[in-house]
Amino acid sequence: MSADPGSAVNRRPLRRCGATAALSVALLLSSCTSSGVRGAAGSGGVGDPLFPSLGNGGYQVRHYGLDLDYDVKKRHLDATAEITAEATADLRSFQLDLQGLRVTDVQVDGEDAAFSRKGHKVIVRPGEALRKGAEFRTRVDYEGTPQELKDPDKSTEGWVKTRDGAFVSGQPAGAMTWFPGNNHPRDKAAYDFTLTVPKGYTAVANGELKSERTAKGRTTFRWHNGRPMASYLATAGIGRFEVHTSRTPEGLPLYVAVDPAEAKASKVALEKLPEIVKWQSKLFGPYPFSSAGAIVDDTPKRIEWIALESQTKPVYAGAPDTATVVHEMAHQWFGDSVTPKTWADTWLNESFATYAEWLWEEREGGKTPQEQFDALYDDTTDPARWAFPPGKPGQAKNVTGTPVYERGAMLLQELRNAVGDKAFFTILREWPAKYRYANADAQDFIDFCQDRTDVDLGPLFKTWLYQKGKPERED
């Protein structure tokens, strides 16, 4: 998620708000478990400390095959999801996350399966129990009008309808507004998308475009994303985009789709994309995916500005500035390749992306990261910066709160001061290398850093990551 396009000193997270078909806070914060034989019913929830009912237990998804046919004028979706997963326990039933949309049929391994709905859960009961370690394929046919949802922090996400299509924002729960699945960051999978839209429209998803074919007034786009991806990073932007394809000097394919209304204002920032990728690759190690790009849409005025680090193609709900592109592209390493185990560790995404902005500003002749730190520490106009420690957000509404970004980045500057530049920039490269395509949490990062220095980092992390209030500054 990007930061506020305001000043560098006060670059706060800004999430969109507006009238939506609300997803109740109670729904997100209550855990539900299906009935059945003890030990054989997959749970609804994975114990996330902020969103306990997101995700499901009993299986790990390996691949999503999503076939979506979207009628732009009627705003109606006809879709099929084929989900290949491995059972991690003996299962008589399992659950999928899906908000709204009507399920018409479910099959498991080619056989009809019974299913029921409870809140945003689809409870599936195969004809025969699934055994631990077995791979199984679930097909879900569903249809309806995808709805936006409102998070506990009052921000809008999900399938956001635009004047000429749709804009997708998935953090933290929005993926379930348009496809069923295991909607939690710790379950990462490969994806294939088949997106069919009226002729003249473009449908953009993660990964690489494999084919584009038009027949009977409709165009089908096939996209392949082969690297593990969390569900909140999946996207399916639909609109009358201007599309630009190219390669970086190093050969990385770029696919940029821009709404014509945002093209002029986006030009400067998007033209720097190859330069940004090259610069970040030197800092953070090889770019982790096989393509890069951007989706810039013209979203409804009722919704304030937002950007999200969708894997390989960040989505921007309006023309981004260069700092925002730097931020979202840094997430390809921190958040997309290395993904938090739970939403409580969102700071592992946002602190690095914010720090990347600071390094870029210094590169461009602006403030140094230490000067950024000093300005934020001395600023008395924004007490929200110290409202909670980034490692203990406490409530779901704080998942993208100011401390997650700013105090998280300040922690990194304190870490740099403690271990020295050589060790710090080694950490910036080796951390995303060790956990490439995997999940990690705060303790993983603390242990990782401690292993690379003789300095006792315990007090630093205790103070800046977990201590309430504004930390005392040691001169």
# chains A, B, ... in the order shown; residues from 1 in each chain; ligands from 1

call {"tool": "residues_around", "arguments": {"residues": "stretch 270-286 of chain A", "least_positions_apart": "6", "cutoff": "9 Å", "atoms": "only C-alpha atoms", "output": "ChimeraX atom specification"}}
result
/A:247-250,252,254,256,292-294,320-322,325-326,329-330,333,356,360,425-433

call {"tool": "write_last_selection", "arguments": {"atoms": "N, CA, C and O atoms", "output": "compact mmCIF listing (two decimals), in the first residue's frame"}}
result
# COMPACT_ATOMS: atom_id res chain seq x y z
N ARG A 247 10.58 -3.25 -22.75
CA ARG A 247 11.51 -3.99 -21.90
C ARG A 247 12.50 -3.02 -21.29
O ARG A 247 12.85 -2.00 -21.90
N THR A 248 12.95 -3.33 -20.10
CA THR A 248 14.02 -2.54 -19.51
C THR A 248 15.31 -2.84 -20.26
O THR A 248 15.41 -3.84 -20.98
N PRO A 249 16.35 -2.02 -20.10
CA PRO A 249 17.64 -2.33 -20.74
C PRO A 249 18.18 -3.69 -20.35
O PRO A 249 18.95 -4.30 -21.11
N GLU A 250 17.76 -4.20 -19.20
CA GLU A 250 18.21 -5.51 -18.74
C GLU A 250 17.34 -6.63 -19.28
O GLU A 250 17.61 -7.80 -19.03
N LEU A 252 13.84 -7.01 -18.84
CA LEU A 252 12.62 -7.33 -18.10
C LEU A 252 11.40 -6.79 -18.84
O LEU A 252 11.33 -5.59 -19.13
N LEU A 254 7.90 -5.10 -19.54
CA LEU A 254 7.05 -4.14 -18.85
C LEU A 254 5.71 -4.05 -19.56
O LEU A 254 5.66 -3.99 -20.80
N VAL A 256 2.30 -1.68 -19.13
CA VAL A 256 1.71 -0.54 -18.44
C VAL A 256 0.37 -0.20 -19.09
O VAL A 256 0.30 0.05 -20.30
N ALA A 292 7.19 -6.72 -14.97
CA ALA A 292 6.80 -5.60 -14.11
C ALA A 292 5.85 -4.71 -14.90
O ALA A 292 5.60 -4.94 -16.08
N GLY A 293 5.32 -3.69 -14.23
CA GLY A 293 4.41 -2.79 -14.93
C GLY A 293 3.58 -1.95 -13.99
O GLY A 293 3.97 -1.69 -12.85
N ALA A 294 2.41 -1.54 -14.47
CA ALA A 294 1.53 -0.68 -13.68
C ALA A 294 0.14 -0.68 -14.30
O ALA A 294 -0.02 -0.88 -15.52
N PRO A 320 0.06 8.46 -10.43
CA PRO A 320 1.00 8.47 -9.30
C PRO A 320 2.13 9.45 -9.51
O PRO A 320 2.47 9.79 -10.64
N ASP A 321 2.74 9.90 -8.40
CA ASP A 321 3.99 10.62 -8.53
C ASP A 321 5.13 9.61 -8.45
O ASP A 321 4.92 8.43 -8.20
N THR A 322 6.36 10.07 -8.67
CA THR A 322 7.50 9.15 -8.73
C THR A 322 7.73 8.46 -7.39
O THR A 322 8.03 7.27 -7.34
N VAL A 325 5.50 5.48 -7.05
CA VAL A 325 5.97 4.34 -7.86
C VAL A 325 7.15 3.66 -7.17
O VAL A 325 7.23 2.43 -7.12
N VAL A 326 8.05 4.45 -6.62
CA VAL A 326 9.18 3.88 -5.86
C VAL A 326 8.66 3.03 -4.71
O VAL A 326 9.12 1.90 -4.48
N MET A 329 6.84 -0.23 -6.04
CA MET A 329 7.79 -1.18 -6.63
C MET A 329 8.68 -1.82 -5.57
O MET A 329 9.08 -2.98 -5.71
N ALA A 330 9.01 -1.10 -4.51
CA ALA A 330 9.77 -1.70 -3.42
C ALA A 330 9.00 -2.86 -2.80
O ALA A 330 9.60 -3.83 -2.32
N TRP A 333 9.61 -6.67 -3.61
CA TRP A 333 10.53 -7.42 -2.75
C TRP A 333 9.91 -7.62 -1.36
O TRP A 333 9.89 -8.73 -0.85
N ALA A 356 12.49 3.02 1.24
CA ALA A 356 12.92 3.12 -0.15
C ALA A 356 12.64 4.52 -0.70
O ALA A 356 13.45 5.07 -1.46
N TRP A 360 15.43 7.10 -2.18
CA TRP A 360 15.27 7.71 -3.50
C TRP A 360 15.37 9.23 -3.40
O TRP A 360 16.02 9.87 -4.24
N PHE A 425 22.97 -2.38 4.64
CA PHE A 425 22.67 -2.59 3.22
C PHE A 425 22.85 -4.06 2.83
O PHE A 425 22.22 -4.52 1.86
N THR A 426 23.63 -4.80 3.60
CA THR A 426 23.66 -6.25 3.40
C THR A 426 22.33 -6.87 3.81
O THR A 426 21.80 -7.75 3.13
N ILE A 427 21.75 -6.38 4.90
CA ILE A 427 20.44 -6.85 5.34
C ILE A 427 19.38 -6.56 4.28
O ILE A 427 18.52 -7.40 3.99
N LEU A 428 19.45 -5.38 3.68
CA LEU A 428 18.46 -5.01 2.64
C LEU A 428 18.48 -5.99 1.47
O LEU A 428 17.45 -6.19 0.81
N ARG A 429 19.63 -6.60 1.19
CA ARG A 429 19.73 -7.56 0.09
C ARG A 429 19.46 -8.99 0.55
O ARG A 429 18.79 -9.75 -0.13
N GLU A 430 20.01 -9.36 1.70
CA GLU A 430 19.95 -10.76 2.11
C GLU A 430 18.60 -11.15 2.71
O GLU A 430 18.20 -12.31 2.61
N TRP A 431 17.90 -10.21 3.32
CA TRP A 431 16.57 -10.52 3.87
C TRP A 431 15.60 -10.98 2.78
O TRP A 431 15.02 -12.06 2.88
N PRO A 432 15.39 -10.22 1.71
CA PRO A 432 14.48 -10.70 0.67
C PRO A 432 15.01 -11.91 -0.09
O PRO A 432 14.24 -12.64 -0.71
N ALA A 433 16.33 -12.14 -0.04
CA ALA A 433 16.88 -13.33 -0.69
C ALA A 433 16.56 -14.58 0.13
O ALA A 433 16.16 -15.62 -0.42

call {"tool": "residues_around", "arguments": {"residues": "A:Val338", "least_positions_apart": "5", "cutoff": "6 Å", "atoms": "only C-alpha atoms", "output": "list in words"}}
result
Tyr435, Arg436, Tyr437, Ala438 and Asn439 of chain A

call {"tool": "select_by_dssp", "arguments": {"residues": "stretch 403-464 of chain A", "states": "helix (DSSP H, G or I)", "output": "ChimeraX atom specification"}}
result
/A:403-419,421-434,442-450,458-464

call {"tool": "closest_atom_pairs", "arguments": {"of": "stretch 390-411 of chain A", "to": "stretch 365-372 of chain A", "cutoff": "12 Å", "atoms": "only C-alpha atoms", "output": "tab-separated table"}}
result
residue	atom	partner	partner_atom	distance
A:Glu406	CA	A:Gln372	CA	9.7
A:Arg407	CA	A:Gln372	CA	11.2
A:Ala409	CA	A:Pro369	CA	9.1
A:Met410	CA	A:Gln372	CA	8.4
A:Leu411	CA	A:Gln370	CA	11.2

call {"tool": "residues_around", "arguments": {"residues": "A:Cys449", "least_positions_apart": "5", "cutoff": "9 Å", "atoms": "only C-alpha atoms", "output": "list in words"}}
result
Leu415, Ala423, Phe424, Ile427, Trp431, Asp444 and Leu457 of chain A

call {"tool": "write_last_selection", "arguments": {"atoms": "all heavy atoms", "output": "compact mmCIF listing (two decimals), in the first residue's frame"}}
result
# COMPACT_ATOMS: atom_id res chain seq x y z
N LEU A 415 18.05 1.01 13.14
CA LEU A 415 18.81 -0.22 12.88
C LEU A 415 20.08 0.10 12.10
O LEU A 415 21.17 -0.41 12.42
CB LEU A 415 17.94 -1.21 12.11
CG LEU A 415 18.62 -2.51 11.66
CD1 LEU A 415 19.06 -3.34 12.87
CD2 LEU A 415 17.68 -3.32 10.76
N ALA A 423 26.60 -3.39 7.17
CA ALA A 423 25.70 -4.45 7.62
C ALA A 423 24.26 -4.16 7.23
O ALA A 423 23.51 -5.06 6.83
CB ALA A 423 25.81 -4.63 9.13
N PHE A 424 23.85 -2.89 7.31
CA PHE A 424 22.46 -2.53 7.01
C PHE A 424 22.13 -2.81 5.55
O PHE A 424 21.09 -3.42 5.25
CB PHE A 424 22.22 -1.06 7.33
CG PHE A 424 20.83 -0.60 7.01
CD1 PHE A 424 19.77 -0.94 7.83
CD2 PHE A 424 20.58 0.19 5.89
CE1 PHE A 424 18.47 -0.52 7.54
CE2 PHE A 424 19.30 0.62 5.59
CZ PHE A 424 18.23 0.26 6.41
N ILE A 427 21.75 -6.38 4.90
CA ILE A 427 20.44 -6.85 5.34
C ILE A 427 19.38 -6.56 4.28
O ILE A 427 18.52 -7.40 3.99
CB ILE A 427 20.06 -6.19 6.68
CG1 ILE A 427 20.92 -6.78 7.81
CG2 ILE A 427 18.58 -6.38 6.99
CD1 ILE A 427 20.80 -6.04 9.13
N TRP A 431 17.90 -10.21 3.32
CA TRP A 431 16.57 -10.52 3.87
C TRP A 431 15.60 -10.98 2.78
O TRP A 431 15.02 -12.06 2.88
CB TRP A 431 16.03 -9.31 4.64
CG TRP A 431 14.58 -9.40 5.01
CD1 TRP A 431 13.54 -8.71 4.45
CD2 TRP A 431 13.99 -10.23 6.02
NE1 TRP A 431 12.34 -9.05 5.04
CE2 TRP A 431 12.59 -9.98 6.01
CE3 TRP A 431 14.51 -11.16 6.92
CZ2 TRP A 431 11.72 -10.63 6.89
CZ3 TRP A 431 13.63 -11.81 7.79
CH2 TRP A 431 12.25 -11.55 7.77
N ASP A 444 11.29 -13.48 12.87
CA ASP A 444 12.22 -13.90 11.81
C ASP A 444 13.18 -12.77 11.47
O ASP A 444 14.39 -12.98 11.30
CB ASP A 444 11.45 -14.33 10.55
CG ASP A 444 10.66 -15.60 10.75
OD1 ASP A 444 11.14 -16.50 11.46
OD2 ASP A 444 9.56 -15.70 10.17
N LEU A 457 20.65 -6.12 19.58
CA LEU A 457 19.54 -5.38 18.98
C LEU A 457 18.24 -5.50 19.77
O LEU A 457 17.23 -4.90 19.39
CB LEU A 457 19.32 -5.85 17.54
CG LEU A 457 20.49 -5.65 16.58
CD1 LEU A 457 20.16 -6.24 15.22
CD2 LEU A 457 20.85 -4.17 16.45

call {"tool": "atom_distance", "arguments": {"atom1": "atom CA of A:Thr145", "atom2": "atom CA of A:Val197"}}
result
14.6 Å

call {"tool": "residues_around", "arguments": {"residues": "A:Met176", "least_positions_apart": "3", "cutoff": "7 Å", "atoms": "only C-alpha atoms", "output": "short mmCIF file (atom, residue, chain, number, x, y, z; two decimals) with all heavy atoms, in the first residue's frame"}}
result
data_model
loop_
_atom_site.label_atom_id
_atom_site.label_comp_id
_atom_site.auth_asym_id
_atom_site.auth_seq_id
_atom_site.Cartn_x
_atom_site.Cartn_y
_atom_site.Cartn_z
N ASP A 97 -13.32 -18.51 1.17
CA ASP A 97 -13.79 -17.14 1.41
C ASP A 97 -14.40 -16.59 0.12
O ASP A 97 -13.75 -16.57 -0.93
CB ASP A 97 -12.62 -16.25 1.84
CG ASP A 97 -12.02 -16.68 3.16
OD1 ASP A 97 -12.75 -16.68 4.16
OD2 ASP A 97 -10.81 -17.01 3.19
N LEU A 98 -15.64 -16.15 0.20
CA LEU A 98 -16.30 -15.51 -0.94
C LEU A 98 -17.39 -14.59 -0.40
O LEU A 98 -18.33 -15.04 0.25
CB LEU A 98 -16.91 -16.54 -1.88
CG LEU A 98 -17.56 -15.96 -3.15
CD1 LEU A 98 -16.51 -15.31 -4.05
CD2 LEU A 98 -18.32 -17.03 -3.92
N GLN A 99 -17.28 -13.31 -0.71
CA GLN A 99 -18.24 -12.32 -0.25
C GLN A 99 -19.27 -12.03 -1.33
O GLN A 99 -18.92 -11.68 -2.46
CB GLN A 99 -17.51 -11.02 0.12
CG GLN A 99 -18.39 -9.85 0.48
CD GLN A 99 -19.04 -10.00 1.84
OE1 GLN A 99 -18.65 -10.87 2.61
NE2 GLN A 99 -20.01 -9.17 2.13
N ALA A 173 -8.85 -7.69 2.64
CA ALA A 173 -9.86 -8.74 2.43
C ALA A 173 -10.50 -8.74 1.06
O ALA A 173 -11.30 -9.61 0.75
CB ALA A 173 -10.96 -8.61 3.50
N PHE A 179 -13.34 -13.60 -6.25
CA PHE A 179 -13.08 -15.02 -6.45
C PHE A 179 -13.01 -15.75 -5.10
O PHE A 179 -12.59 -15.16 -4.09
CB PHE A 179 -11.81 -15.26 -7.28
CG PHE A 179 -10.51 -14.93 -6.60
CD1 PHE A 179 -9.79 -15.89 -5.90
CD2 PHE A 179 -9.96 -13.65 -6.69
CE1 PHE A 179 -8.57 -15.59 -5.30
CE2 PHE A 179 -8.74 -13.34 -6.10
CZ PHE A 179 -8.05 -14.32 -5.40
N PRO A 180 -13.41 -17.02 -5.07
CA PRO A 180 -13.35 -17.80 -3.84
C PRO A 180 -11.94 -18.33 -3.61
O PRO A 180 -11.23 -18.66 -4.56
CB PRO A 180 -14.32 -18.95 -4.11
CG PRO A 180 -14.25 -19.15 -5.59
CD PRO A 180 -14.02 -17.78 -6.18
N ASN A 183 -8.24 -16.77 1.65
CA ASN A 183 -7.95 -15.34 1.59
C ASN A 183 -7.11 -14.88 2.78
O ASN A 183 -7.56 -14.13 3.64
CB ASN A 183 -9.26 -14.56 1.52
CG ASN A 183 -9.06 -13.11 1.12
OD1 ASN A 183 -8.03 -12.76 0.56
ND2 ASN A 183 -10.03 -12.27 1.40
#

call {"tool": "residues_around", "arguments": {"residues": "A:Asp109", "least_positions_apart": "6", "cutoff": "7 Å", "atoms": "only C-alpha atoms", "output": "ChimeraX atom specification"}}
result
/A:136-138

call {"tool": "write_last_selection", "arguments": {"atoms": "all heavy atoms", "output": "PDB file, in the first residue's frame"}}
result
ATOM      1  N   PHE A 136      -6.100 -32.115  -4.271  1.00  0.00           N
ATOM      2  CA  PHE A 136      -7.477 -32.158  -4.745  1.00  0.00           C
ATOM      3  C   PHE A 136      -7.802 -30.880  -5.506  1.00  0.00           C
ATOM      4  O   PHE A 136      -7.191 -29.839  -5.287  1.00  0.00           O
ATOM      5  CB  PHE A 136      -8.461 -32.379  -3.587  1.00  0.00           C
ATOM      6  CG  PHE A 136      -8.499 -31.265  -2.573  1.00  0.00           C
ATOM      7  CD1 PHE A 136      -9.503 -30.309  -2.608  1.00  0.00           C
ATOM      8  CD2 PHE A 136      -7.542 -31.177  -1.555  1.00  0.00           C
ATOM      9  CE1 PHE A 136      -9.564 -29.281  -1.659  1.00  0.00           C
ATOM     10  CE2 PHE A 136      -7.580 -30.160  -0.609  1.00  0.00           C
ATOM     11  CZ  PHE A 136      -8.602 -29.214  -0.665  1.00  0.00           C
ATOM     12  N   ARG A 137      -8.744 -30.981  -6.395  1.00  0.00           N
ATOM     13  CA  ARG A 137      -9.150 -29.842  -7.222  1.00  0.00           C
ATOM     14  C   ARG A 137     -10.614 -29.522  -6.975  1.00  0.00           C
ATOM     15  O   ARG A 137     -11.479 -30.396  -7.071  1.00  0.00           O
ATOM     16  CB  ARG A 137      -8.916 -30.128  -8.698  1.00  0.00           C
ATOM     17  CG  ARG A 137      -9.402 -28.991  -9.620  1.00  0.00           C
ATOM     18  CD  ARG A 137      -8.978 -29.186 -11.054  1.00  0.00           C
ATOM     19  NE  ARG A 137      -7.532 -29.046 -11.205  1.00  0.00           N
ATOM     20  CZ  ARG A 137      -6.915 -29.060 -12.373  1.00  0.00           C
ATOM     21  NH1 ARG A 137      -7.602 -29.245 -13.484  1.00  0.00           N
ATOM     22  NH2 ARG A 137      -5.609 -28.915 -12.431  1.00  0.00           N
ATOM     23  N   THR A 138     -10.854 -28.261  -6.661  1.00  0.00           N
ATOM     24  CA  THR A 138     -12.215 -27.780  -6.406  1.00  0.00           C
ATOM     25  C   THR A 138     -12.616 -26.823  -7.516  1.00  0.00           C
ATOM     26  O   THR A 138     -11.878 -25.883  -7.832  1.00  0.00           O
ATOM     27  CB  THR A 138     -12.293 -27.052  -5.058  1.00  0.00           C
ATOM     28  OG1 THR A 138     -11.839 -27.931  -4.018  1.00  0.00           O
ATOM     29  CG2 THR A 138     -13.716 -26.610  -4.761  1.00  0.00           C
TER      30      THR A 138
END

call {"tool": "select_by_dssp", "arguments": {"residues": "stretch 309-415 of chain A", "states": "strand (DSSP E or B)", "output": "list of chain:residue names"}}
result
A:Val315, A:Tyr316, A:Phe334, A:Val338, A:Thr339, A:Pro340

call {"tool": "write_last_selection", "arguments": {"atoms": "all heavy atoms", "output": "PDB file, in the first residue's frame"}}
result
ATOM      1  N   VAL A 315      -1.315  -1.227  -8.722  1.00  0.00           N
ATOM      2  CA  VAL A 315      -2.480  -0.523  -9.247  1.00  0.00           C
ATOM      3  C   VAL A 315      -2.558   0.859  -8.604  1.00  0.00           C
ATOM      4  O   VAL A 315      -2.359   1.008  -7.396  1.00  0.00           O
ATOM      5  CB  VAL A 315      -3.783  -1.313  -9.008  1.00  0.00           C
ATOM      6  CG1 VAL A 315      -3.800  -2.571  -9.850  1.00  0.00           C
ATOM      7  CG2 VAL A 315      -3.963  -1.674  -7.539  1.00  0.00           C
ATOM      8  N   TYR A 316      -2.833   1.862  -9.433  1.00  0.00           N
ATOM      9  CA  TYR A 316      -2.913   3.242  -8.983  1.00  0.00           C
ATOM     10  C   TYR A 316      -4.281   3.792  -9.368  1.00  0.00           C
ATOM     11  O   TYR A 316      -4.653   3.788 -10.532  1.00  0.00           O
ATOM     12  CB  TYR A 316      -1.813   4.084  -9.642  1.00  0.00           C
ATOM     13  CG  TYR A 316      -0.417   3.551  -9.433  1.00  0.00           C
ATOM     14  CD1 TYR A 316       0.186   2.718 -10.384  1.00  0.00           C
ATOM     15  CD2 TYR A 316       0.302   3.868  -8.283  1.00  0.00           C
ATOM     16  CE1 TYR A 316       1.475   2.219 -10.195  1.00  0.00           C
ATOM     17  CE2 TYR A 316       1.590   3.379  -8.090  1.00  0.00           C
ATOM     18  CZ  TYR A 316       2.170   2.555  -9.044  1.00  0.00           C
ATOM     19  OH  TYR A 316       3.437   2.063  -8.849  1.00  0.00           O
ATOM     20  N   PHE A 334       9.418  -6.496  -0.789  1.00  0.00           N
ATOM     21  CA  PHE A 334       8.977  -6.472   0.603  1.00  0.00           C
ATOM     22  C   PHE A 334       7.446  -6.441   0.660  1.00  0.00           C
ATOM     23  O   PHE A 334       6.826  -5.384   0.600  1.00  0.00           O
ATOM     24  CB  PHE A 334       9.558  -5.257   1.316  1.00  0.00           C
ATOM     25  CG  PHE A 334      11.058  -5.176   1.205  1.00  0.00           C
ATOM     26  CD1 PHE A 334      11.651  -4.306   0.304  1.00  0.00           C
ATOM     27  CD2 PHE A 334      11.867  -5.981   1.985  1.00  0.00           C
ATOM     28  CE1 PHE A 334      13.038  -4.224   0.204  1.00  0.00           C
ATOM     29  CE2 PHE A 334      13.263  -5.910   1.888  1.00  0.00           C
ATOM     30  CZ  PHE A 334      13.848  -5.038   0.989  1.00  0.00           C
ATOM     31  N   VAL A 338       8.536 -11.468  -0.254  1.00  0.00           N
ATOM     32  CA  VAL A 338       8.535 -11.809   1.171  1.00  0.00           C
ATOM     33  C   VAL A 338       7.244 -11.268   1.759  1.00  0.00           C
ATOM     34  O   VAL A 338       7.044 -10.057   1.822  1.00  0.00           O
ATOM     35  CB  VAL A 338       9.736 -11.190   1.908  1.00  0.00           C
ATOM     36  CG1 VAL A 338       9.736 -11.635   3.370  1.00  0.00           C
ATOM     37  CG2 VAL A 338      11.037 -11.565   1.229  1.00  0.00           C
ATOM     38  N   THR A 339       6.367 -12.161   2.171  1.00  0.00           N
ATOM     39  CA  THR A 339       5.025 -11.791   2.609  1.00  0.00           C
ATOM     40  C   THR A 339       4.855 -12.085   4.095  1.00  0.00           C
ATOM     41  O   THR A 339       5.305 -13.119   4.570  1.00  0.00           O
ATOM     42  CB  THR A 339       3.976 -12.586   1.805  1.00  0.00           C
ATOM     43  OG1 THR A 339       4.206 -12.373   0.406  1.00  0.00           O
ATOM     44  CG2 THR A 339       2.564 -12.135   2.140  1.00  0.00           C
ATOM     45  N   PRO A 340       4.208 -11.184   4.845  1.00  0.00           N
ATOM     46  CA  PRO A 340       4.017 -11.437   6.274  1.00  0.00           C
ATOM     47  C   PRO A 340       3.194 -12.704   6.546  1.00  0.00           C
ATOM     48  O   PRO A 340       2.311 -13.060   5.761  1.00  0.00           O
ATOM     49  CB  PRO A 340       3.254 -10.200   6.758  1.00  0.00           C
ATOM     50  CG  PRO A 340       3.571  -9.139   5.760  1.00  0.00           C
ATOM     51  CD  PRO A 340       3.697  -9.859   4.445  1.00  0.00           C
TER      52      PRO A 340
END

call {"tool": "closest_residue", "arguments": {"among": "A:Gly165, A:Gly458, A:Gly181, A:Pro228", "to": "A:Lys73", "atoms": "only C-alpha atoms"}}
result
A:Gly165

call {"tool": "closest_residue", "arguments": {"among": "A:Glu143, A:Asp164, A:Asp441, A:Glu328", "to": "A:Val72", "atoms": "only C-alpha atoms"}}
result
A:Asp164

call {"tool": "residues_around", "arguments": {"residues": "stretch 373-382 of chain A", "least_positions_apart": "2", "cutoff": "12 Å", "atoms": "only C-alpha atoms", "output": "ChimeraX atom specification"}}
result
/A:7-12,354-355,358-359,367-371,384-387,402-403,405-414,416-417,470-473,475

call {"tool": "atom_distance", "arguments": {"atom1": "atom CA of A:Ala89", "atom2": "atom CA of A:Gly58"}}
result
5.3 Å

call {"tool": "residues_around", "arguments": {"residues": "A:Ala85", "least_positions_apart": "4", "cutoff": "12 Å", "atoms": "only C-alpha atoms", "output": "MDAnalysis selection string"}}
result
chainID A and resid 57:65 89 94 96 108:109 130:139 181:182 187:190

call {"tool": "atom_distance", "arguments": {"atom1": "atom CA of A:Ser53", "atom2": "atom CA of A:Ala344"}}
result
14.2 Å

call {"tool": "closest_residue", "arguments": {"among": "A:Gly239, A:Phe388, A:Thr346, A:Asn206", "to": "A:Lys313", "atoms": "only C-alpha atoms"}}
result
A:Asn206
